[in-house]
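Each remark here refers to the structure printed beneath this line.
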Amino acid sequence: MKLSFLDPLYEQPGPWASVYLDTSQDIDDPERAIALRWRHLREDLVAGGAERETLDALADVLGADREVAGRHGQALFAARGRLVLVEELPEPPRRDVARFGPLPHALPLAVHHAPEIPYAAVALDHLTQEPEEVLVEVESGRWPMSRVVPGPAATHRVPAGDWPQQAPDIARHLEELAAGGDAEVIVVRAGAQAEWARGVLVGRLPRRVRDHLITVRSEATAQEMPPRPGPGRALLEEELGGLLADRPSTGDHRLLDRYRAQRAQRPEASDGLTAVAAALQQGRAEALLVTTPVSLSAPVWTGTEPHRISLSAEELRAFGEPTVRRETAEDALLWAAVGTGAELVVVPHDTLPLHDGVGVLLRS
């Protein structure tokens, strides 16, 4: 996964206020709950030294995602009195967090983004009232963030008799998404009475696009309409969650295969904090690997540039680094990864155990 979405956090100096907050709407009086959570987090930021202007910038957008239904959260970053980045989270944070320090606390946000699988979702329903129609909904996105930040969407109502002539237009759109790298997976759900419409659409897709295709059937009966997504939620969110959970993107899959081959030959240069820090310091890291659940509380030392990172303050001073700062590994490693152009691969610990919870794929 590329990390360019984090660039705004490293284009200006801190100190940074980083906030992760549960802003779910599936409880009684969510605004009161959010206000109470913010009060506690604000106290933490004040204790850390955050100035009033920065706190006010955060407060202005806190809970602004109230139009998104269900469980979700917010990640907010501000520095020197200016709001820099706000993102909706597809899941609430495990616990509300507020930090104030030289570096943004951005790894939890990056983990929420992973694995960023580009997909297209298509819902087909046969409306039997007169005149009979095929209802077509198409939406693209990047999983899992699009659960609460859906991508481009379109809705079409096609006379049932015209569907065989109109289906090729939808098929061409899906083909373009797949060809452009915007749909590694295409999920098509048909309502109970729309199986025939799905067959027509799938029959119009080229074979190379069918390789990306997964079809699912709605559990709704012929007398029911399939469930509609809540406000701000992705089309076919439930189906996508079941199909894409713990699945790497195509790019991450290739990186993981290369990493396993590298580790088999050079384990000492691939696994653990020592190997990762050395690769980032030398600008040789193609990808930083992190296992979930993330546990990177060990200290590292950083200098004035992203690649100035070490497990030893003395080593950095020996390099002539004038300013040496102690940071948590998760904040420092991510800064170094973004600054040196490395990608991030997030993988469950059970799938790929890593010493210290981190690994590094070296540039070839």
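Chain labels run A, B, ... following the order of the structure tokens; each chain numbers its residues from 1, and ligands are numbered from 1 in the order shown.
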
**Message:** Could you pull out the strand (DSSP E) residues of region 83-209 of chain A, going by DSSP on the backbone, and write them as a ChimeraX atom specification?
**Reply:** /A:83-89,97-101,117-127,133-143,153-159,185-190

**Message:** Excluding Ala79 (chain A) and its own-chain neighbours fewer than 3 positions away, which residues fall within 12 Å of it when counting only C-alpha atoms? Please give them as a ChimeraX atom specification.
**Reply:** /A:8-19,49-58,76,82-85,99-104

**Surrounding residues of Leu21 (chain A) excluding itself and chain neighbours under 2 positions, 6 Å, only C-alpha atoms, as a ChimeraX atom specification** = /A:73-74,96

Sort by chain and increasing residue number a table of all residues of region 186-240 of chain A within 7 Å of region 166-172 of chain A, each with its closest pair of atoms and their distance in Å to one decimal, counting only C-alpha atoms, and write it as CSV.
residue,atom,partner,partner_atom,distance
A:Val200,CA,A:Ala167,CA,7.0
A:Leu201,CA,A:Ala167,CA,5.4
A:Arg204,CA,A:Pro168,CA,5.8
A:Leu205,CA,A:Ala171,CA,5.5

Per-residue nearest contacts region 241-263 of chain A to region 105-128 of chain A, cut-off 10 Å, using only C-alpha atoms, as CSV:
residue,atom,partner,partner_atom,distance
A:Leu244,CA,A:Ile117,CA,8.2
A:Ala245,CA,A:Pro115,CA,9.7
A:Asp246,CA,A:Pro115,CA,8.5
A:Arg247,CA,A:Pro115,CA,7.7
A:Pro248,CA,A:Pro115,CA,5.8
A:Ser249,CA,A:Ile117,CA,5.0
A:Thr250,CA,A:Ile117,CA,7.8
A:Gly251,CA,A:Ile117,CA,9.2
A:Asp252,CA,A:Pro115,CA,7.5
A:His253,CA,A:Pro115,CA,9.9

Write the residues of the selection above to a file with C-alpha atoms, as an mmCIF file, in the first residue's frame.
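Contents of again-v1.cif, freshly written:
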data_model
loop_
_atom_site.group_PDB
_atom_site.id
_atom_site.type_symbol
_atom_site.label_atom_id
_atom_site.label_comp_id
_atom_site.auth_asym_id
_atom_site.auth_seq_id
_atom_site.Cartn_x
_atom_site.Cartn_y
_atom_site.Cartn_z
ATOM 1 C CA LEU A 244 -12.343 -9.123 1.421
ATOM 2 C CA ALA A 245 -11.580 -9.673 5.114
ATOM 3 C CA ASP A 246 -7.847 -10.409 5.592
ATOM 4 C CA ARG A 247 -7.347 -10.486 1.814
ATOM 5 C CA PRO A 248 -4.260 -8.576 0.595
ATOM 6 C CA SER A 249 -4.402 -6.345 -2.431
ATOM 7 C CA THR A 250 -2.706 -7.641 -5.568
ATOM 8 C CA GLY A 251 0.235 -5.318 -4.970
ATOM 9 C CA ASP A 252 0.614 -6.373 -1.329
ATOM 10 C CA HIS A 253 0.380 -10.038 -2.340
#

**Request:** Would you list the contacts of Glu195 (chain A) as an MDAnalysis selection string, taking every protein, DNA or RNA residue within 12 Å and counting only C-alpha atoms, but skipping same-chain residues closer than 3 positions in sequence?
**Result:** chainID A and resid 123:126 134 188:192 198:202 215:218 222

Residues of the last selection are to be written out with N, CA, C and O atoms, as a PDB file, in the first residue's frame.
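Written out: again-v2.pdb:
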ATOM      1  N   ALA A 123     -25.250  -3.917  -7.713  1.00  0.00           N
ATOM      2  CA  ALA A 123     -26.482  -4.505  -7.165  1.00  0.00           C
ATOM      3  C   ALA A 123     -27.554  -4.465  -8.242  1.00  0.00           C
ATOM      4  O   ALA A 123     -27.830  -3.403  -8.813  1.00  0.00           O
ATOM      5  N   LEU A 124     -28.153  -5.617  -8.514  1.00  0.00           N
ATOM      6  CA  LEU A 124     -29.199  -5.735  -9.527  1.00  0.00           C
ATOM      7  C   LEU A 124     -30.494  -6.190  -8.862  1.00  0.00           C
ATOM      8  O   LEU A 124     -30.500  -7.155  -8.089  1.00  0.00           O
ATOM      9  N   ASP A 125     -31.579  -5.498  -9.158  1.00  0.00           N
ATOM     10  CA  ASP A 125     -32.892  -5.890  -8.647  1.00  0.00           C
ATOM     11  C   ASP A 125     -33.913  -5.776  -9.772  1.00  0.00           C
ATOM     12  O   ASP A 125     -33.845  -4.860 -10.599  1.00  0.00           O
ATOM     13  N   HIS A 126     -34.848  -6.705  -9.783  1.00  0.00           N
ATOM     14  CA  HIS A 126     -35.921  -6.699 -10.776  1.00  0.00           C
ATOM     15  C   HIS A 126     -37.171  -6.146 -10.102  1.00  0.00           C
ATOM     16  O   HIS A 126     -37.711  -6.749  -9.173  1.00  0.00           O
ATOM     17  N   VAL A 134     -35.331  -3.077 -14.419  1.00  0.00           N
ATOM     18  CA  VAL A 134     -34.133  -3.566 -13.740  1.00  0.00           C
ATOM     19  C   VAL A 134     -33.478  -2.361 -13.075  1.00  0.00           C
ATOM     20  O   VAL A 134     -33.157  -1.365 -13.746  1.00  0.00           O
ATOM     21  N   VAL A 188     -20.925  -8.710  -7.802  1.00  0.00           N
ATOM     22  CA  VAL A 188     -22.260  -8.496  -8.363  1.00  0.00           C
ATOM     23  C   VAL A 188     -23.264  -9.267  -7.512  1.00  0.00           C
ATOM     24  O   VAL A 188     -23.153 -10.488  -7.355  1.00  0.00           O
ATOM     25  N   ARG A 189     -24.224  -8.539  -6.945  1.00  0.00           N
ATOM     26  CA  ARG A 189     -25.296  -9.169  -6.176  1.00  0.00           C
ATOM     27  C   ARG A 189     -26.611  -9.026  -6.927  1.00  0.00           C
ATOM     28  O   ARG A 189     -26.945  -7.929  -7.385  1.00  0.00           O
ATOM     29  N   ALA A 190     -27.325 -10.125  -7.041  1.00  0.00           N
ATOM     30  CA  ALA A 190     -28.629 -10.100  -7.711  1.00  0.00           C
ATOM     31  C   ALA A 190     -29.721 -10.392  -6.695  1.00  0.00           C
ATOM     32  O   ALA A 190     -29.590 -11.298  -5.855  1.00  0.00           O
ATOM     33  N   GLY A 191     -30.796  -9.608  -6.756  1.00  0.00           N
ATOM     34  CA  GLY A 191     -31.961  -9.898  -5.934  1.00  0.00           C
ATOM     35  C   GLY A 191     -32.604 -11.216  -6.362  1.00  0.00           C
ATOM     36  O   GLY A 191     -32.269 -11.797  -7.405  1.00  0.00           O
ATOM     37  N   ALA A 192     -33.556 -11.682  -5.557  1.00  0.00           N
ATOM     38  CA  ALA A 192     -34.152 -12.998  -5.785  1.00  0.00           C
ATOM     39  C   ALA A 192     -34.767 -13.129  -7.167  1.00  0.00           C
ATOM     40  O   ALA A 192     -34.786 -14.222  -7.753  1.00  0.00           O
ATOM     41  N   ARG A 198     -28.581 -10.737 -13.890  1.00  0.00           N
ATOM     42  CA  ARG A 198     -27.158 -10.945 -13.626  1.00  0.00           C
ATOM     43  C   ARG A 198     -26.537 -11.816 -14.725  1.00  0.00           C
ATOM     44  O   ARG A 198     -25.433 -11.551 -15.190  1.00  0.00           O
ATOM     45  N   GLY A 199     -27.251 -12.861 -15.132  1.00  0.00           N
ATOM     46  CA  GLY A 199     -26.735 -13.720 -16.196  1.00  0.00           C
ATOM     47  C   GLY A 199     -26.478 -12.952 -17.477  1.00  0.00           C
ATOM     48  O   GLY A 199     -25.475 -13.175 -18.170  1.00  0.00           O
ATOM     49  N   VAL A 200     -27.385 -12.030 -17.801  1.00  0.00           N
ATOM     50  CA  VAL A 200     -27.203 -11.213 -19.003  1.00  0.00           C
ATOM     51  C   VAL A 200     -25.952 -10.352 -18.867  1.00  0.00           C
ATOM     52  O   VAL A 200     -25.136 -10.263 -19.802  1.00  0.00           O
ATOM     53  N   LEU A 201     -25.777  -9.698 -17.713  1.00  0.00           N
ATOM     54  CA  LEU A 201     -24.614  -8.824 -17.517  1.00  0.00           C
ATOM     55  C   LEU A 201     -23.317  -9.618 -17.567  1.00  0.00           C
ATOM     56  O   LEU A 201     -22.369  -9.222 -18.270  1.00  0.00           O
ATOM     57  N   VAL A 202     -23.251 -10.710 -16.833  1.00  0.00           N
ATOM     58  CA  VAL A 202     -22.023 -11.506 -16.795  1.00  0.00           C
ATOM     59  C   VAL A 202     -21.684 -12.025 -18.187  1.00  0.00           C
ATOM     60  O   VAL A 202     -20.515 -12.072 -18.588  1.00  0.00           O
ATOM     61  N   THR A 215     -19.798 -13.379  -7.781  1.00  0.00           N
ATOM     62  CA  THR A 215     -21.242 -13.158  -7.757  1.00  0.00           C
ATOM     63  C   THR A 215     -21.812 -13.678  -6.444  1.00  0.00           C
ATOM     64  O   THR A 215     -21.388 -14.708  -5.933  1.00  0.00           O
ATOM     65  N   VAL A 216     -22.765 -12.936  -5.896  1.00  0.00           N
ATOM     66  CA  VAL A 216     -23.430 -13.337  -4.657  1.00  0.00           C
ATOM     67  C   VAL A 216     -24.932 -13.159  -4.855  1.00  0.00           C
ATOM     68  O   VAL A 216     -25.379 -12.341  -5.663  1.00  0.00           O
ATOM     69  N   ARG A 217     -25.685 -13.947  -4.120  1.00  0.00           N
ATOM     70  CA  ARG A 217     -27.138 -13.865  -4.227  1.00  0.00           C
ATOM     71  C   ARG A 217     -27.689 -13.237  -2.962  1.00  0.00           C
ATOM     72  O   ARG A 217     -27.254 -13.552  -1.845  1.00  0.00           O
ATOM     73  N   SER A 218     -28.658 -12.374  -3.126  1.00  0.00           N
ATOM     74  CA  SER A 218     -29.287 -11.735  -1.983  1.00  0.00           C
ATOM     75  C   SER A 218     -30.063 -12.761  -1.169  1.00  0.00           C
ATOM     76  O   SER A 218     -30.659 -13.696  -1.702  1.00  0.00           O
ATOM     77  N   ALA A 222     -38.278 -13.255  -2.673  1.00  0.00           N
ATOM     78  CA  ALA A 222     -38.840 -12.619  -3.869  1.00  0.00           C
ATOM     79  C   ALA A 222     -39.793 -11.494  -3.512  1.00  0.00           C
ATOM     80  O   ALA A 222     -40.026 -10.594  -4.314  1.00  0.00           O
TER      81      ALA A 222
END

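Note that the spacing between CA of Glu43 (chain A) and CA of Ser295 (chain A) amounts to 25.0 Å.
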
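Every protein, DNA or RNA residue with an atom at most 6 Å from region 298-300 of chain A, where only C-alpha atoms count and chain neighbours fewer than 4 positions away do not, is listed here: Ser310, Leu311, Arg326, Glu327, Thr328 and Ala329 of chain A.
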
Export, as a tab-separated table (two decimals), in the first residue's frame, the selected residues with C-alpha atoms.
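result-v8.tsv, freshly written:
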chain	number	residue	atom	x	y	z
A	310	SER	CA	18.41	4.26	14.86
A	311	LEU	CA	17.98	2.06	17.89
A	326	ARG	CA	13.50	9.67	21.40
A	327	GLU	CA	10.28	8.53	19.69
A	328	THR	CA	8.02	5.51	19.74
A	329	ALA	CA	8.85	2.99	17.04

**Prompt:** To one decimal place, how far is CA of Ala179 (chain A) from CA of Arg208 (chain A) in Å?
**Reply:** 9.3 Å

**Message:** Report, in Å to a single decimal, how far apart CA of Glu87 (chain A) and CA of Leu36 (chain A) are.
**Reply:** 20.3 Å

Residue neighbourhood Ile27 (chain A), 12 Å, only C-alpha atoms, exclusion window fewer than 2 positions, as a compact mmCIF listing (two decimals) with N, CA and C atoms, in the first residue's frame:
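The result, stored in result.txt:
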# COMPACT_ATOMS: atom_id res chain seq x y z
N ASP A 22 -14.12 7.61 18.73
CA ASP A 22 -15.33 6.88 18.34
C ASP A 22 -16.45 7.89 18.12
N THR A 23 -16.95 7.96 16.88
CA THR A 23 -18.05 8.89 16.57
C THR A 23 -19.27 8.12 16.06
N SER A 24 -19.44 6.90 16.55
CA SER A 24 -20.55 6.05 16.11
C SER A 24 -21.89 6.72 16.38
N GLN A 25 -22.86 6.40 15.49
CA GLN A 25 -24.20 6.97 15.59
C GLN A 25 -25.24 5.94 16.02
N ASP A 29 -28.25 9.31 21.95
CA ASP A 29 -27.60 10.61 22.13
C ASP A 29 -26.10 10.57 21.80
N PRO A 30 -25.77 10.25 20.54
CA PRO A 30 -24.35 10.16 20.17
C PRO A 30 -23.58 11.48 20.34
N GLU A 31 -24.25 12.61 20.14
CA GLU A 31 -23.53 13.88 20.25
C GLU A 31 -23.05 14.11 21.69
N ARG A 32 -23.87 13.72 22.65
CA ARG A 32 -23.45 13.86 24.05
C ARG A 32 -22.27 12.94 24.34
N ALA A 33 -22.31 11.71 23.80
CA ALA A 33 -21.22 10.76 24.02
C ALA A 33 -19.92 11.27 23.39
N ILE A 34 -20.03 11.84 22.19
CA ILE A 34 -18.84 12.36 21.52
C ILE A 34 -18.26 13.54 22.29
N ARG A 66 -21.40 13.03 11.41
CA ARG A 66 -22.65 12.54 12.01
C ARG A 66 -23.64 12.02 10.97
N ALA A 69 -24.03 6.65 8.97
CA ALA A 69 -24.78 5.76 9.87
C ALA A 69 -23.86 4.73 10.51
N GLY A 70 -24.32 4.19 11.64
CA GLY A 70 -23.67 3.02 12.23
C GLY A 70 -22.39 3.32 12.98
N ARG A 71 -21.57 2.26 13.13
CA ARG A 71 -20.33 2.34 13.90
C ARG A 71 -19.20 2.85 13.01
N HIS A 72 -18.47 3.83 13.50
CA HIS A 72 -17.32 4.37 12.77
C HIS A 72 -16.56 5.30 13.70

**Request:** Write down as a ChimeraX atom specification the residues belonging to region 63-264 of chain A that are assigned helix (DSSP H, G or I) by DSSP computed on the backbone.
**Result:** /A:107-113,145-147,160-179,195-204,207-210,237-244,250-264

Take the residues from that selection and write them out as a short mmCIF file (atom, residue, chain, number, x, y, z; two decimals), in the first residue's frame, keeping C-alpha atoms.
data_model
loop_
_atom_site.label_atom_id
_atom_site.label_comp_id
_atom_site.auth_asym_id
_atom_site.auth_seq_id
_atom_site.Cartn_x
_atom_site.Cartn_y
_atom_site.Cartn_z
CA LEU A 107 0.16 4.44 12.04
CA PRO A 108 -3.35 3.60 13.31
CA LEU A 109 -4.79 5.59 10.39
CA ALA A 110 -2.54 3.75 7.93
CA VAL A 111 -3.68 0.40 9.37
CA HIS A 112 -7.32 1.44 8.88
CA HIS A 113 -6.52 2.14 5.21
CA MET A 145 -12.01 2.93 3.85
CA SER A 146 -14.88 3.15 1.37
CA ARG A 147 -17.13 1.52 3.98
CA ALA A 160 -36.80 -4.97 -18.25
CA GLY A 161 -37.30 -5.55 -21.95
CA ASP A 162 -34.39 -3.24 -22.78
CA TRP A 163 -31.91 -4.81 -20.34
CA PRO A 164 -30.19 -7.10 -22.91
CA GLN A 165 -29.41 -4.00 -24.99
CA GLN A 166 -28.38 -1.83 -22.00
CA ALA A 167 -26.27 -4.40 -20.10
CA PRO A 168 -23.25 -3.98 -22.45
CA ASP A 169 -22.92 -0.34 -21.28
CA ILE A 170 -22.54 -1.48 -17.66
CA ALA A 171 -20.19 -4.25 -18.78
CA ARG A 172 -17.97 -1.72 -20.59
CA HIS A 173 -17.81 0.46 -17.48
CA LEU A 174 -16.70 -2.52 -15.39
CA GLU A 175 -14.15 -3.46 -18.04
CA GLU A 176 -12.70 0.07 -17.91
CA LEU A 177 -12.44 -0.05 -14.12
CA ALA A 178 -10.63 -3.39 -14.24
CA ALA A 179 -8.30 -2.28 -17.04
CA GLU A 195 -30.83 -13.79 -11.45
CA TRP A 196 -31.68 -13.54 -15.13
CA ALA A 197 -30.44 -9.93 -15.24
CA ARG A 198 -27.16 -10.95 -13.63
CA GLY A 199 -26.73 -13.72 -16.20
CA VAL A 200 -27.20 -11.21 -19.00
CA LEU A 201 -24.61 -8.82 -17.52
CA VAL A 202 -22.02 -11.51 -16.80
CA GLY A 203 -22.47 -12.87 -20.32
CA ARG A 204 -21.49 -9.45 -21.71
CA ARG A 207 -13.23 -13.31 -20.05
CA ARG A 208 -10.36 -11.23 -18.63
CA VAL A 209 -12.89 -9.23 -16.59
CA ARG A 210 -14.70 -12.35 -15.40
CA GLU A 237 -20.81 -3.39 2.56
CA GLU A 238 -21.76 -6.66 4.28
CA GLU A 239 -20.94 -8.80 1.26
CA LEU A 240 -17.65 -7.00 0.67
CA GLY A 241 -16.67 -7.46 4.30
CA GLY A 242 -17.15 -11.20 4.08
CA LEU A 243 -15.26 -11.50 0.80
CA LEU A 244 -12.34 -9.12 1.42
CA THR A 250 -2.71 -7.64 -5.57
CA GLY A 251 0.24 -5.32 -4.97
CA ASP A 252 0.61 -6.37 -1.33
CA HIS A 253 0.38 -10.04 -2.34
CA ARG A 254 3.35 -9.60 -4.68
CA LEU A 255 5.34 -7.81 -1.99
CA LEU A 256 4.58 -10.55 0.54
CA ASP A 257 5.72 -13.26 -1.86
CA ARG A 258 8.99 -11.41 -2.43
CA TYR A 259 9.43 -10.83 1.29
CA ARG A 260 9.02 -14.53 2.11
CA ALA A 261 11.64 -15.42 -0.50
CA GLN A 262 14.01 -12.76 0.85
CA ARG A 263 13.54 -13.85 4.47
CA ALA A 264 14.29 -17.46 3.59
#

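Nearest to Gln129 (chain A) of all the residues A:His307, A:Pro159, A:Gly141, A:Leu236 is A:Pro159, counting only C-alpha atoms.
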